[in-house]
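See below for model.pdb, which holds PDB, C-alpha atoms and all ligand atoms.
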```pdb
ATOM      1  CA  MET X 139      29.109-217.643   0.492
ATOM      2  CA  ASN X 140      26.237-215.219   0.699
ATOM      3  CA  HIS X 141      22.798-216.435  -0.236
ATOM      4  CA  TYR X 142      20.052-214.263  -1.590
ATOM      5  CA  SER X 143      16.338-214.760  -1.839
ATOM      6  CA  ILE X 144      13.526-212.862  -3.507
ATOM      7  CA  GLY X 145      10.625-211.368  -1.564
ATOM      8  CA  ILE X 146       7.549-210.150  -3.451
ATOM      9  CA  ASP X 147       4.814-208.092  -1.821
ATOM     10  CA  ILE X 148       1.665-207.955  -3.925
ATOM     11  CA  GLY X 149      -0.841-205.196  -3.396
ATOM     12  CA  GLY X 150      -3.762-204.045  -5.517
ATOM     13  CA  THR X 151      -1.823-200.933  -6.612
ATOM     14  CA  ASN X 152       1.833-201.958  -6.569
ATOM     15  CA  THR X 153       3.960-205.070  -6.633
ATOM     16  CA  ASP X 154       7.237-204.667  -4.736
ATOM     17  CA  ILE X 155      10.053-207.056  -5.554
ATOM     18  CA  GLY X 156      13.167-207.169  -3.389
ATOM     19  CA  LEU X 157      16.450-209.041  -3.377
ATOM     20  CA  VAL X 158      17.211-209.947   0.238
ATOM     21  CA  SER X 159      20.545-211.079   1.695
ATOM     22  CA  ASP X 160      20.581-213.833   4.284
ATOM     23  CA  SER X 161      21.288-211.260   7.009
ATOM     24  CA  GLY X 162      17.941-209.640   6.214
ATOM     25  CA  GLN X 163      19.085-206.649   4.118
ATOM     26  CA  VAL X 164      16.919-205.603   1.186
ATOM     27  CA  VAL X 165      19.851-204.965  -1.172
ATOM     28  CA  ARG X 166      17.835-204.109  -4.293
ATOM     29  CA  ARG X 167      14.177-203.443  -4.967
ATOM     30  CA  ARG X 168      11.821-202.621  -7.826
ATOM     31  CA  ARG X 169       8.191-201.644  -8.062
ATOM     32  CA  LEU X 170       5.723-202.744 -10.746
ATOM     33  CA  PRO X 171       2.261-201.190 -11.103
ATOM     34  CA  THR X 172      -0.072-204.146 -10.449
ATOM     35  CA  THR X 173      -2.971-202.337 -12.107
ATOM     36  CA  GLU X 174      -1.256-202.319 -15.535
ATOM     37  CA  TYR X 175      -1.461-206.071 -15.955
ATOM     38  CA  HIS X 176      -4.623-207.820 -17.078
ATOM     39  CA  THR X 177      -3.557-211.426 -17.605
ATOM     40  CA  ALA X 178      -1.782-213.768 -15.245
ATOM     41  CA  ALA X 179       0.775-214.673 -17.940
ATOM     42  CA  ASP X 180       1.823-211.036 -18.616
ATOM     43  CA  TYR X 181       2.014-210.274 -14.923
ATOM     44  CA  MET X 182       4.170-213.280 -14.060
ATOM     45  CA  ARG X 183       6.442-212.653 -17.060
ATOM     46  CA  ALA X 184       7.046-209.056 -15.876
ATOM     47  CA  ILE X 185       7.799-210.262 -12.353
ATOM     48  CA  GLY X 186      10.150-212.951 -13.673
ATOM     49  CA  ASP X 187      11.990-210.434 -15.888
ATOM     50  CA  THR X 188      12.373-208.097 -12.911
ATOM     51  CA  ILE X 189      13.832-210.879 -10.770
ATOM     52  CA  GLN X 190      16.322-211.609 -13.552
ATOM     53  CA  GLN X 191      17.332-207.921 -13.711
ATOM     54  CA  LEU X 192      17.910-207.794  -9.951
ATOM     55  CA  MET X 193      20.045-210.941 -10.134
ATOM     56  CA  ALA X 194      22.071-209.506 -13.045
ATOM     57  CA  GLU X 195      22.704-206.227 -11.230
ATOM     58  CA  GLN X 196      23.965-208.123  -8.188
ATOM     59  CA  LYS X 197      25.901-210.544 -10.477
ATOM     60  CA  LEU X 198      24.120-213.567  -9.025
ATOM     61  CA  PRO X 199      24.043-216.825 -10.969
ATOM     62  CA  SER X 200      21.227-218.113  -8.782
ATOM     63  CA  ILE X 201      18.916-217.362  -5.889
ATOM     64  CA  ARG X 202      17.821-219.635  -3.078
ATOM     65  CA  SER X 203      14.085-219.130  -2.904
ATOM     66  CA  ILE X 204      11.147-216.947  -3.874
ATOM     67  CA  GLY X 205       8.520-215.938  -1.298
ATOM     68  CA  ILE X 206       5.334-214.062  -2.086
ATOM     69  CA  GLY X 207       3.030-212.243   0.301
ATOM     70  CA  ALA X 208      -0.337-211.655  -1.304
ATOM     71  CA  PRO X 209      -3.950-211.013  -0.448
ATOM     72  CA  ASN X 210      -5.850-214.247  -1.027
ATOM     73  CA  GLY X 211      -2.587-216.142  -1.459
ATOM     74  CA  ASN X 212      -3.259-219.860  -1.175
ATOM     75  CA  PRO X 213      -0.280-221.553   0.508
ATOM     76  CA  GLN X 214      -1.424-225.001  -0.566
ATOM     77  CA  SER X 215      -1.658-224.337  -4.309
ATOM     78  CA  GLY X 216       0.970-221.569  -4.463
ATOM     79  CA  SER X 217      -1.500-219.437  -6.422
ATOM     80  CA  ILE X 218      -3.539-216.297  -5.964
ATOM     81  CA  GLU X 219      -7.138-217.365  -6.181
ATOM     82  CA  ALA X 220      -9.352-216.268  -9.066
ATOM     83  CA  ASP X 221     -11.607-213.248  -8.458
ATOM     84  CA  THR X 222      -9.482-211.740  -5.703
ATOM     85  CA  PRO X 223     -10.972-208.370  -4.669
ATOM     86  CA  ASN X 224      -8.805-205.326  -5.585
ATOM     87  CA  LEU X 225      -6.913-207.130  -8.370
ATOM     88  CA  ASN X 226      -7.564-206.444 -12.068
ATOM     89  CA  ILE X 227      -6.472-209.938 -12.993
ATOM     90  CA  LYS X 228      -9.511-212.101 -12.426
ATOM     91  CA  GLU X 229      -8.068-215.507 -13.368
ATOM     92  CA  SER X 230      -6.029-217.569 -10.898
ATOM     93  CA  ILE X 231      -2.299-216.647 -10.848
ATOM     94  CA  PRO X 232      -0.227-219.848 -10.489
ATOM     95  CA  PHE X 233       3.056-218.429  -9.164
ATOM     96  CA  ARG X 234       4.553-221.640  -7.843
ATOM     97  CA  GLU X 235       4.118-223.434 -11.134
ATOM     98  CA  VAL X 236       5.369-220.634 -13.391
ATOM     99  CA  LEU X 237       8.142-218.996 -11.342
ATOM    100  CA  GLY X 238       9.260-222.372  -9.976
ATOM    101  CA  GLU X 239       9.764-223.630 -13.535
ATOM    102  CA  ARG X 240      11.586-220.494 -14.640
ATOM    103  CA  PHE X 241      14.026-220.204 -11.700
ATOM    104  CA  HIS X 242      14.203-223.805 -10.422
ATOM    105  CA  VAL X 243      13.764-222.744  -6.782
ATOM    106  CA  PRO X 244      11.043-223.322  -4.188
ATOM    107  CA  VAL X 245       8.252-220.739  -4.461
ATOM    108  CA  THR X 246       6.221-220.132  -1.308
ATOM    109  CA  LEU X 247       3.112-217.995  -1.169
ATOM    110  CA  ASP X 248       0.988-216.925   1.774
ATOM    111  CA  ASN X 249      -1.173-214.010   2.834
ATOM    112  CA  ASP X 250       0.572-210.808   3.906
ATOM    113  CA  ALA X 251      -0.065-211.172   7.661
ATOM    114  CA  ASN X 252       1.418-214.676   7.690
ATOM    115  CA  ALA X 253       4.372-213.338   5.694
ATOM    116  CA  ALA X 254       4.848-210.605   8.314
ATOM    117  CA  ALA X 255       4.832-213.208  11.100
ATOM    118  CA  ILE X 256       7.486-215.324   9.393
ATOM    119  CA  GLY X 257       9.476-212.146   8.662
ATOM    120  CA  GLU X 258       9.533-211.367  12.381
ATOM    121  CA  MET X 259      10.667-214.925  13.089
ATOM    122  CA  ILE X 260      13.494-215.027  10.541
ATOM    123  CA  TYR X 261      14.714-211.392  10.568
ATOM    124  CA  GLY X 262      13.054-209.584  13.483
ATOM    125  CA  GLY X 263      12.222-209.815  17.189
ATOM    126  CA  ALA X 264      10.890-213.394  17.218
ATOM    127  CA  LYS X 265      14.135-215.208  16.275
ATOM    128  CA  GLU X 266      14.222-216.963  19.639
ATOM    129  CA  LEU X 267      10.479-217.523  20.057
ATOM    130  CA  ARG X 268       8.438-220.626  19.318
ATOM    131  CA  HIS X 269       4.905-219.341  19.894
ATOM    132  CA  PHE X 270       3.756-215.852  18.968
ATOM    133  CA  ILE X 271       1.091-213.877  17.153
ATOM    134  CA  MET X 272       1.657-211.083  14.642
ATOM    135  CA  ILE X 273      -1.045-208.446  14.329
ATOM    136  CA  THR X 274      -0.818-206.260  11.219
ATOM    137  CA  MET X 275      -2.695-202.980  11.590
ATOM    138  CA  GLY X 276      -3.554-201.037   8.436
ATOM    139  CA  THR X 277      -6.672-200.444   6.372
ATOM    140  CA  GLY X 278      -7.800-203.700   7.952
ATOM    141  CA  ILE X 279      -6.375-205.978  10.649
ATOM    142  CA  GLY X 280      -4.547-209.167   9.743
ATOM    143  CA  SER X 281      -2.974-211.776  11.951
ATOM    144  CA  GLY X 282      -0.462-214.583  11.684
ATOM    145  CA  ILE X 283      -0.513-217.215  14.423
ATOM    146  CA  VAL X 284       2.772-219.072  14.936
ATOM    147  CA  ILE X 285       2.763-222.282  16.952
ATOM    148  CA  ASN X 286       6.020-224.218  17.336
ATOM    149  CA  ARG X 287       7.588-221.970  14.646
ATOM    150  CA  GLN X 288       4.913-222.988  12.134
ATOM    151  CA  ILE X 289       2.162-220.780  10.769
ATOM    152  CA  LEU X 290      -1.260-222.077  11.724
ATOM    153  CA  HIS X 291      -3.169-222.568   8.453
ATOM    154  CA  GLY X 292      -6.096-224.649   9.684
ATOM    155  CA  SER X 293      -8.282-226.909   7.586
ATOM    156  CA  THR X 294      -9.032-224.248   4.978
ATOM    157  CA  GLY X 295      -5.550-222.690   4.706
ATOM    158  CA  THR X 296      -7.020-219.412   5.955
ATOM    159  CA  ALA X 297      -6.723-219.609   9.770
ATOM    160  CA  GLY X 298      -5.731-216.466  11.636
ATOM    161  CA  GLU X 299      -8.411-213.892  10.909
ATOM    162  CA  LEU X 300      -8.422-212.189  14.304
ATOM    163  CA  GLY X 301      -9.432-208.938  12.600
ATOM    164  CA  HIS X 302     -12.827-210.527  12.123
ATOM    165  CA  ALA X 303     -13.228-211.745  15.688
ATOM    166  CA  ILE X 304     -16.430-210.113  16.913
ATOM    167  CA  VAL X 305     -15.704-207.863  19.887
ATOM    168  CA  GLN X 306     -18.974-205.949  19.933
ATOM    169  CA  PRO X 307     -22.114-207.955  19.086
ATOM    170  CA  GLU X 308     -24.404-205.842  16.890
ATOM    171  CA  GLY X 309     -21.609-203.245  16.626
ATOM    172  CA  ARG X 310     -20.208-201.386  13.617
ATOM    173  CA  LEU X 311     -20.915-202.966  10.213
ATOM    174  CA  CYS X 312     -17.795-204.669   8.799
ATOM    175  CA  GLY X 313     -16.790-205.163   5.155
ATOM    176  CA  CYS X 314     -17.214-208.911   5.681
ATOM    177  CA  GLY X 315     -20.960-208.347   6.095
ATOM    178  CA  ARG X 316     -21.079-209.020   9.831
ATOM    179  CA  LYS X 317     -21.213-206.581  12.735
ATOM    180  CA  GLY X 318     -18.749-205.702  15.489
ATOM    181  CA  CYS X 319     -15.500-207.162  14.081
ATOM    182  CA  LEU X 320     -12.249-206.036  15.761
ATOM    183  CA  GLU X 321     -11.183-204.533  12.431
ATOM    184  CA  MET X 322     -13.909-201.901  12.707
ATOM    185  CA  TYR X 323     -12.497-200.691  16.065
ATOM    186  CA  ALA X 324      -8.727-201.008  15.792
ATOM    187  CA  SER X 325      -7.750-200.658  12.110
ATOM    188  CA  ALA X 326      -6.740-197.276  10.663
ATOM    189  CA  ARG X 327     -10.377-196.731   9.688
ATOM    190  CA  GLY X 328     -11.564-197.859  13.114
ATOM    191  CA  ILE X 329      -9.198-195.446  14.839
ATOM    192  CA  CYS X 330     -10.579-192.562  12.732
ATOM    193  CA  GLN X 331     -14.100-193.585  13.730
ATOM    194  CA  ASN X 332     -13.030-193.753  17.397
ATOM    195  CA  TYR X 333     -11.690-190.210  17.038
ATOM    196  CA  MET X 334     -14.953-188.940  15.542
ATOM    197  CA  ASP X 335     -16.941-190.637  18.320
ATOM    198  CA  ALA X 336     -14.661-189.149  21.000
ATOM    199  CA  ALA X 337     -15.011-185.678  19.459
ATOM    200  CA  ALA X 338     -18.805-186.008  19.405
ATOM    201  CA  ARG X 339     -18.813-187.078  23.066
ATOM    202  CA  VAL X 340     -17.188-183.794  24.125
ATOM    203  CA  HIS X 341     -19.552-181.827  21.850
ATOM    204  CA  GLN X 342     -16.875-180.997  19.268
ATOM    205  CA  PRO X 343     -18.149-183.094  16.334
ATOM    206  CA  LEU X 344     -16.102-182.937  13.149
ATOM    207  CA  THR X 345     -17.477-181.124  10.110
ATOM    208  CA  ALA X 346     -18.236-183.381   7.138
ATOM    209  CA  GLU X 347     -15.159-181.990   5.398
ATOM    210  CA  ALA X 348     -12.871-182.622   8.376
ATOM    211  CA  ALA X 349     -14.223-186.157   8.682
ATOM    212  CA  GLN X 350     -13.466-186.754   4.988
ATOM    213  CA  THR X 351      -9.831-185.727   5.290
ATOM    214  CA  LEU X 352      -9.124-187.296   8.701
ATOM    215  CA  THR X 353      -6.365-189.930   8.622
ATOM    216  CA  CYS X 354      -5.128-192.365  11.207
ATOM    217  CA  GLN X 355      -1.703-190.742  10.961
ATOM    218  CA  MET X 356      -3.216-187.398  12.015
ATOM    219  CA  VAL X 357      -4.900-189.029  15.012
ATOM    220  CA  GLY X 358      -1.641-190.766  15.988
ATOM    221  CA  GLU X 359       0.406-187.574  15.779
ATOM    222  CA  ALA X 360      -2.196-185.668  17.816
ATOM    223  CA  ALA X 361      -2.235-188.428  20.446
ATOM    224  CA  LEU X 362       1.547-188.185  20.782
ATOM    225  CA  THR X 363       1.255-184.458  21.539
ATOM    226  CA  GLY X 364      -1.375-185.186  24.208
ATOM    227  CA  ASN X 365      -4.473-183.975  22.341
ATOM    228  CA  PRO X 366      -7.252-185.270  24.654
ATOM    229  CA  ILE X 367      -9.632-186.347  21.851
ATOM    230  CA  ALA X 368      -6.879-188.272  20.061
ATOM    231  CA  VAL X 369      -5.730-189.801  23.355
ATOM    232  CA  ALA X 370      -9.329-190.904  24.003
ATOM    233  CA  ALA X 371      -9.520-192.386  20.472
ATOM    234  CA  TYR X 372      -6.389-194.448  21.096
ATOM    235  CA  ASP X 373      -7.685-195.458  24.524
ATOM    236  CA  THR X 374     -10.852-196.841  22.881
ATOM    237  CA  THR X 375      -8.721-198.582  20.248
ATOM    238  CA  ALA X 376      -6.550-200.141  22.959
ATOM    239  CA  TYR X 377      -9.615-201.233  24.903
ATOM    240  CA  TRP X 378     -11.087-203.294  22.049
ATOM    241  CA  LEU X 379      -7.730-204.564  20.862
ATOM    242  CA  GLY X 380      -6.759-205.511  24.426
ATOM    243  CA  ILE X 381      -9.904-207.620  24.831
ATOM    244  CA  ALA X 382      -9.386-209.317  21.464
ATOM    245  CA  LEU X 383      -5.738-210.096  22.220
ATOM    246  CA  ALA X 384      -6.617-211.457  25.667
ATOM    247  CA  ASN X 385      -9.067-213.823  23.946
ATOM    248  CA  ALA X 386      -6.419-214.791  21.388
ATOM    249  CA  ALA X 387      -4.008-215.526  24.256
ATOM    250  CA  ALA X 388      -6.503-217.963  25.754
ATOM    251  CA  PHE X 389      -6.518-219.817  22.469
ATOM    252  CA  SER X 390      -2.787-220.269  21.767
ATOM    253  CA  ALA X 391      -0.862-219.108  24.891
ATOM    254  CA  PRO X 392       1.828-217.249  22.909
ATOM    255  CA  GLU X 393       5.101-216.005  24.384
ATOM    256  CA  ALA X 394       4.567-212.656  22.707
ATOM    257  CA  ILE X 395       2.167-210.707  20.528
ATOM    258  CA  PHE X 396       3.729-208.319  17.983
ATOM    259  CA  LEU X 397       2.063-205.312  16.410
ATOM    260  CA  MET X 398       3.019-203.915  13.007
ATOM    261  CA  GLY X 399       1.687-201.232  10.662
ATOM    262  CA  GLY X 400       0.910-197.527  10.347
ATOM    263  CA  PRO X 401      -1.191-197.147  13.533
ATOM    264  CA  THR X 402       1.767-198.409  15.624
ATOM    265  CA  ARG X 403       3.587-195.164  14.787
ATOM    266  CA  ALA X 404       1.561-193.717  17.688
ATOM    267  CA  GLY X 405       3.992-195.651  19.919
ATOM    268  CA  GLU X 406       3.261-195.380  23.630
ATOM    269  CA  ALA X 407      -0.059-193.615  22.947
ATOM    270  CA  LEU X 408      -1.177-197.056  21.771
ATOM    271  CA  MET X 409       1.060-199.411  23.736
ATOM    272  CA  LYS X 410       0.551-197.994  27.226
ATOM    273  CA  PRO X 411      -3.263-198.295  27.335
ATOM    274  CA  LEU X 412      -3.077-201.548  25.359
ATOM    275  CA  LYS X 413      -0.877-203.214  27.990
ATOM    276  CA  HIS X 414      -3.302-202.059  30.667
ATOM    277  CA  TYR X 415      -6.447-203.412  28.976
ATOM    278  CA  PHE X 416      -4.708-206.585  27.835
ATOM    279  CA  GLU X 417      -3.514-207.533  31.323
ATOM    280  CA  ASP X 418      -6.846-206.475  32.786
ATOM    281  CA  ASN X 419      -8.701-208.931  30.563
ATOM    282  CA  LEU X 420      -6.236-211.828  30.621
ATOM    283  CA  LEU X 421      -7.117-215.106  32.272
ATOM    284  CA  PHE X 422      -5.038-215.569  35.462
ATOM    285  CA  LEU X 423      -3.042-218.391  33.847
ATOM    286  CA  TYR X 424      -1.416-215.940  31.439
ATOM    287  CA  LYS X 425      -1.108-212.764  33.503
ATOM    288  CA  ASN X 426       2.324-211.095  33.243
ATOM    289  CA  ARG X 427       3.567-213.933  31.054
ATOM    290  CA  ILE X 428       2.832-212.638  27.552
ATOM    291  CA  GLN X 429       4.810-209.759  26.081
ATOM    292  CA  LEU X 430       3.178-207.123  23.904
ATOM    293  CA  ARG X 431       5.783-205.716  21.515
ATOM    294  CA  PHE X 432       6.120-203.661  18.373
ATOM    295  CA  SER X 433       7.614-205.393  15.353
ATOM    296  CA  GLU X 434      11.372-204.937  15.025
ATOM    297  CA  LEU X 435      11.194-204.885  11.237
ATOM    298  CA  ASN X 436      11.534-201.558   9.432
ATOM    299  CA  LEU X 437       8.003-200.732   8.277
ATOM    300  CA  ASN X 438       9.177-199.780   4.758
ATOM    301  CA  GLU X 439      10.837-203.153   4.252
ATOM    302  CA  ALA X 440       8.670-205.412   6.389
ATOM    303  CA  ALA X 441       6.456-206.675   3.564
ATOM    304  CA  ILE X 442       9.399-207.632   1.314
ATOM    305  CA  LEU X 443      11.297-209.168   4.233
ATOM    306  CA  GLY X 444       8.216-211.112   5.293
ATOM    307  CA  ALA X 445       7.748-212.465   1.781
ATOM    308  CA  ALA X 446      11.429-213.396   1.457
ATOM    309  CA  ALA X 447      11.251-215.085   4.867
ATOM    310  CA  LEU X 448       8.409-217.308   3.641
ATOM    311  CA  GLY X 449      10.750-218.750   1.043
ATOM    312  CA  GLU X 450      13.641-218.983   3.497
ATOM    313  CA  ALA X 451      11.517-220.754   6.120
ATOM    314  CA  ALA X 452      10.397-223.255   3.500
ATOM    315  CA  THR X 453      13.949-224.034   2.312
ATOM    316  CA  SER X 454      15.423-224.610   5.778
ATOM    317  CA  ALA X 455      14.376-227.788   7.516
ATOM    318  CA  ALA X 456      15.720-226.590  10.867
ATOM    319  CA  PRO X 457      14.629-223.282  12.379
ATOM    320  CA  HIS X 458      17.070-220.467  11.662
ATOM    321  CA  ALA X 459      19.281-219.526  14.577
ATOM    322  CA  ARG X 460      21.161-216.353  13.810
TER     323      ARG X 460
HETATM  324 ZN    ZN P 501     -15.520-208.581   9.671
END
```
Could you show the structure in this file as structure tokens?
Amino acid sequence: MNHYSIGIDIGGTNTDIGLVSDSGQVVRRRRLPTTEYHTAADYMRAIGDTIQQLMAEQKLPSIRSIGIGAPNGNPQSGSIEADTPNLNIKESIPFREVLGERFHVPVTLDNDANAAAIGEMIYGGAKELRHFIMITMGTGIGSGIVINRQILHGSTGTAGELGHAIVQPEGRLCGCGRKGCLEMYASARGICQNYMDAAARVHQPLTAEAAQTLTCQMVGEAALTGNPIAVAAYDTTAYWLGIALANAAAFSAPEAIFLMGGPTRAGEALMKPLKHYFEDNLLFLYKNRIQLRFSELNLNEAAILGAAALGEAATSAAPHAR
């Protein structure tokens, strides 16, 4: 018999809800506008109703689990914390309590980078691995550290913030209030800044208007066609990311480090220099022993799959072997 689980990806703008088969297919999905809800009760009722619709359409009497990937998701309480930035709802949102009672299934919640890591482990390229790190590249940089097929949560529940490892003391000011975090050099925003710096170095600074409309996708596409300024921007990105990943390797000695997110669409323009700088900065103990790989999950489905995988990982005592 086929089993299905629900994966929910919560963002400040949209909430994506997917019904996922146990072979990792997103068979149905719906989108709710997160911004339209102002109380936790209304929001959770809308999500619950949507889950029920998806089950009815697929003629399912039951589901196996619900997993939720969310910013500020607290895995211990199963809630989104009160006063989460970028959410209109300012009270705590107790998903585990409310959805668990309504559907009588385990409800697992974690931050989106940890969800992505578990998604890779259950449905993607890390099915056979025990120790790996997932780096999610987007507006910011997130990371999920997997040790012995378990997410590392640490004493606070919030371990795995490699995006805020300081790579450049007194460097670019980060949103966290400190200076020189990796996120400011290798996120989508960081890559745009690297491009502007590279352009200024060859005396072709961008106009204010061009700087306003520059996107990481534009830099990536230009790098793939060999544009020297874009290639230099990705080289700088790879340099800082390579150093940060070499440091992360010294901490947990993973078998592989996966990269996911929009900036990875630049493909070899990112991966080739990254492998070079990573190996160059690795301690001898780890040289040529740690793979750098792109995620094998489809980017459009990765967040839902990751969330669904959280629930699946929690319901299976033994690691999945498919
Ligand atoms: Zn920071």
Query raised in the report: What's the 9 Å shell around stretch 404-413 of chain X, counting only C-alpha atoms, without same-chain residues fewer than 5 positions away, as JSON, numbers by chain?
Result: {"X": [355, 357, 358, 359, 360, 361, 362, 364, 369, 372, 373, 374, 375, 376, 377, 378, 379, 380, 418, 429, 430, 431, 432]}
Requested in this report: List every protein, DNA or RNA residue that has an atom no more than 10 Å from (3.0, -211.2, -0.2) in the file's coordinate frame, counting all atoms listed in the file, and report them as a PyMOL selection string.
Outcome: chain X and resi 145-149+153-155+205-211+246-254+441-446+448
Report task. Work out how far atom CA of X:Tyr181 is from atom CA of X:Met193, in Å to one decimal. Result ->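 About the pair atom CA of X:Met193 and atom CA of X:Tyr181: they are 18.7 Å apart.
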Requested in this report: Compare X:Tyr175, X:Phe241, X:Tyr323, X:Phe233 by their minimum atom-to-atom distance to ligand ZN 501 (chain P), counting only C-alpha atoms and all ligand atoms, and give me the closest one.
Outcome: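 Closest to ligand ZN 501 (chain P), using only C-alpha atoms and all ligand atoms: X:Tyr323.
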Query - Computed interatomic separation between atom CA of X:Arg234 and atom CA of X:Lys197 (Å) - result: 24.2 Å
Query raised in the report: Which residue, X:Gly282, X:Leu198, X:Phe270, X:Asn365, has the smallest gap to X:Tyr333 when you use all atoms listed in the file?
Result: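 Closest candidate: X:Asn365.
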Report summary line: atom CA of X:His176 sits from atom CA of X:Thr188 at a separation of 17.5 Å
Find the residues near ligand ZN 501 (chain P). Use a cut-off of 7 Å, count all atoms listed in the file, and write them as an mmCIF file with C-alpha atoms, in the frame of the given file.
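Written out: pocket-v2.cif:
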```
data_model
loop_
_atom_site.group_PDB
_atom_site.id
_atom_site.type_symbol
_atom_site.label_atom_id
_atom_site.label_comp_id
_atom_site.auth_asym_id
_atom_site.auth_seq_id
_atom_site.Cartn_x
_atom_site.Cartn_y
_atom_site.Cartn_z
ATOM 1 C CA GLY X 301 -9.432 -208.938 12.600
ATOM 2 C CA HIS X 302 -12.827 -210.527 12.123
ATOM 3 C CA CYS X 312 -17.795 -204.669 8.799
ATOM 4 C CA GLY X 313 -16.790 -205.163 5.155
ATOM 5 C CA CYS X 314 -17.214 -208.911 5.681
ATOM 6 C CA GLY X 315 -20.960 -208.347 6.095
ATOM 7 C CA ARG X 316 -21.079 -209.020 9.831
ATOM 8 C CA LYS X 317 -21.213 -206.581 12.735
ATOM 9 C CA CYS X 319 -15.500 -207.162 14.081
ATOM 10 C CA GLU X 321 -11.183 -204.533 12.431
#
```
Query - Which of X:Gly399, X:Tyr261, X:Phe389, X:Glu308 sits closest to X:Gly278 [using only C-alpha atoms] - result: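 Of the candidates, the smallest distance to X:Gly278 is held by X:Gly399.
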**Report entry** Proximity to X:Thr294 - best of X:Asn426, X:Thr173, X:Asn212, X:Gln196, only C-alpha atoms
**Finding:**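 Among X:Asn426, X:Thr173, X:Asn212, X:Gln196, it is X:Asn212 that comes nearest to X:Thr294.
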Requested in this report: Determine the nearest neighbour of X:Thr177 from the options X:Ile283, X:Ala387, X:Ala220, X:Met259, counting only C-alpha atoms.
Outcome: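 Result for the nearest residue to X:Thr177: X:Ala220.
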Query raised in the report: Which residues match the PyMOL selection byres (((chain X and resi 184) around 12) and not hetatm) in the file above, as a PyMOL selection string?
Result: chain X and resi 153-155+168-172+174-183+185-191+236-237
Written as a PDB file with C-alpha atoms, keeping the file's coordinate frame, which residues does the PyMOL selection byres (((chain X and resi 349) around 12) and not hetatm) give for the file shown?
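Resulting contents of selection-v9.pdb:
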```pdb
ATOM      1  CA  ARG X 327     -10.377-196.731   9.688  1.00  0.00           C
ATOM      2  CA  CYS X 330     -10.579-192.562  12.732  1.00  0.00           C
ATOM      3  CA  GLN X 331     -14.100-193.585  13.730  1.00  0.00           C
ATOM      4  CA  ASN X 332     -13.030-193.753  17.397  1.00  0.00           C
ATOM      5  CA  TYR X 333     -11.690-190.210  17.038  1.00  0.00           C
ATOM      6  CA  MET X 334     -14.953-188.940  15.542  1.00  0.00           C
ATOM      7  CA  ASP X 335     -16.941-190.637  18.320  1.00  0.00           C
ATOM      8  CA  ALA X 337     -15.011-185.678  19.459  1.00  0.00           C
ATOM      9  CA  ALA X 338     -18.805-186.008  19.405  1.00  0.00           C
ATOM     10  CA  PRO X 343     -18.149-183.094  16.334  1.00  0.00           C
ATOM     11  CA  LEU X 344     -16.102-182.937  13.149  1.00  0.00           C
ATOM     12  CA  THR X 345     -17.477-181.124  10.110  1.00  0.00           C
ATOM     13  CA  ALA X 346     -18.236-183.381   7.138  1.00  0.00           C
ATOM     14  CA  GLU X 347     -15.159-181.990   5.398  1.00  0.00           C
ATOM     15  CA  ALA X 348     -12.871-182.622   8.376  1.00  0.00           C
ATOM     16  CA  GLN X 350     -13.466-186.754   4.988  1.00  0.00           C
ATOM     17  CA  THR X 351      -9.831-185.727   5.290  1.00  0.00           C
ATOM     18  CA  LEU X 352      -9.124-187.296   8.701  1.00  0.00           C
ATOM     19  CA  THR X 353      -6.365-189.930   8.622  1.00  0.00           C
ATOM     20  CA  CYS X 354      -5.128-192.365  11.207  1.00  0.00           C
ATOM     21  CA  MET X 356      -3.216-187.398  12.015  1.00  0.00           C
ATOM     22  CA  VAL X 357      -4.900-189.029  15.012  1.00  0.00           C
TER      23      VAL X 357
END
```
Would you place a box with edges along x, y and z of the file around all atoms of stretch 398-415 of chain X listed there, add 3 Å to each of its six sides, and report the centre and edge lengths in Å to one decimal, as JSON?
```
{"center_x": -1.2, "center_y": -198.8, "center_z": 20.5, "size_x": 16.4, "size_y": 16.3, "size_z": 26.3}
```
On this structure, the PyMOL selection byres (((chain X and resi 451) around 10) and not hetatm) would catch which residues? List them as a PDB file with C-alpha atoms, in the frame of the given file, sorted by chain and number.
```pdb
ATOM      1  CA  SER X 203      14.085-219.130  -2.904  1.00  0.00           C
ATOM      2  CA  GLY X 205       8.520-215.938  -1.298  1.00  0.00           C
ATOM      3  CA  THR X 246       6.221-220.132  -1.308  1.00  0.00           C
ATOM      4  CA  ILE X 256       7.486-215.324   9.393  1.00  0.00           C
ATOM      5  CA  GLY X 257       9.476-212.146   8.662  1.00  0.00           C
ATOM      6  CA  MET X 259      10.667-214.925  13.089  1.00  0.00           C
ATOM      7  CA  ILE X 260      13.494-215.027  10.541  1.00  0.00           C
ATOM      8  CA  ARG X 287       7.588-221.970  14.646  1.00  0.00           C
ATOM      9  CA  GLN X 288       4.913-222.988  12.134  1.00  0.00           C
ATOM     10  CA  ALA X 446      11.429-213.396   1.457  1.00  0.00           C
ATOM     11  CA  ALA X 447      11.251-215.085   4.867  1.00  0.00           C
ATOM     12  CA  LEU X 448       8.409-217.308   3.641  1.00  0.00           C
ATOM     13  CA  GLY X 449      10.750-218.750   1.043  1.00  0.00           C
ATOM     14  CA  GLU X 450      13.641-218.983   3.497  1.00  0.00           C
ATOM     15  CA  ALA X 452      10.397-223.255   3.500  1.00  0.00           C
ATOM     16  CA  THR X 453      13.949-224.034   2.312  1.00  0.00           C
ATOM     17  CA  SER X 454      15.423-224.610   5.778  1.00  0.00           C
ATOM     18  CA  ALA X 455      14.376-227.788   7.516  1.00  0.00           C
ATOM     19  CA  ALA X 456      15.720-226.590  10.867  1.00  0.00           C
ATOM     20  CA  PRO X 457      14.629-223.282  12.379  1.00  0.00           C
ATOM     21  CA  HIS X 458      17.070-220.467  11.662  1.00  0.00           C
TER      22      HIS X 458
END
```
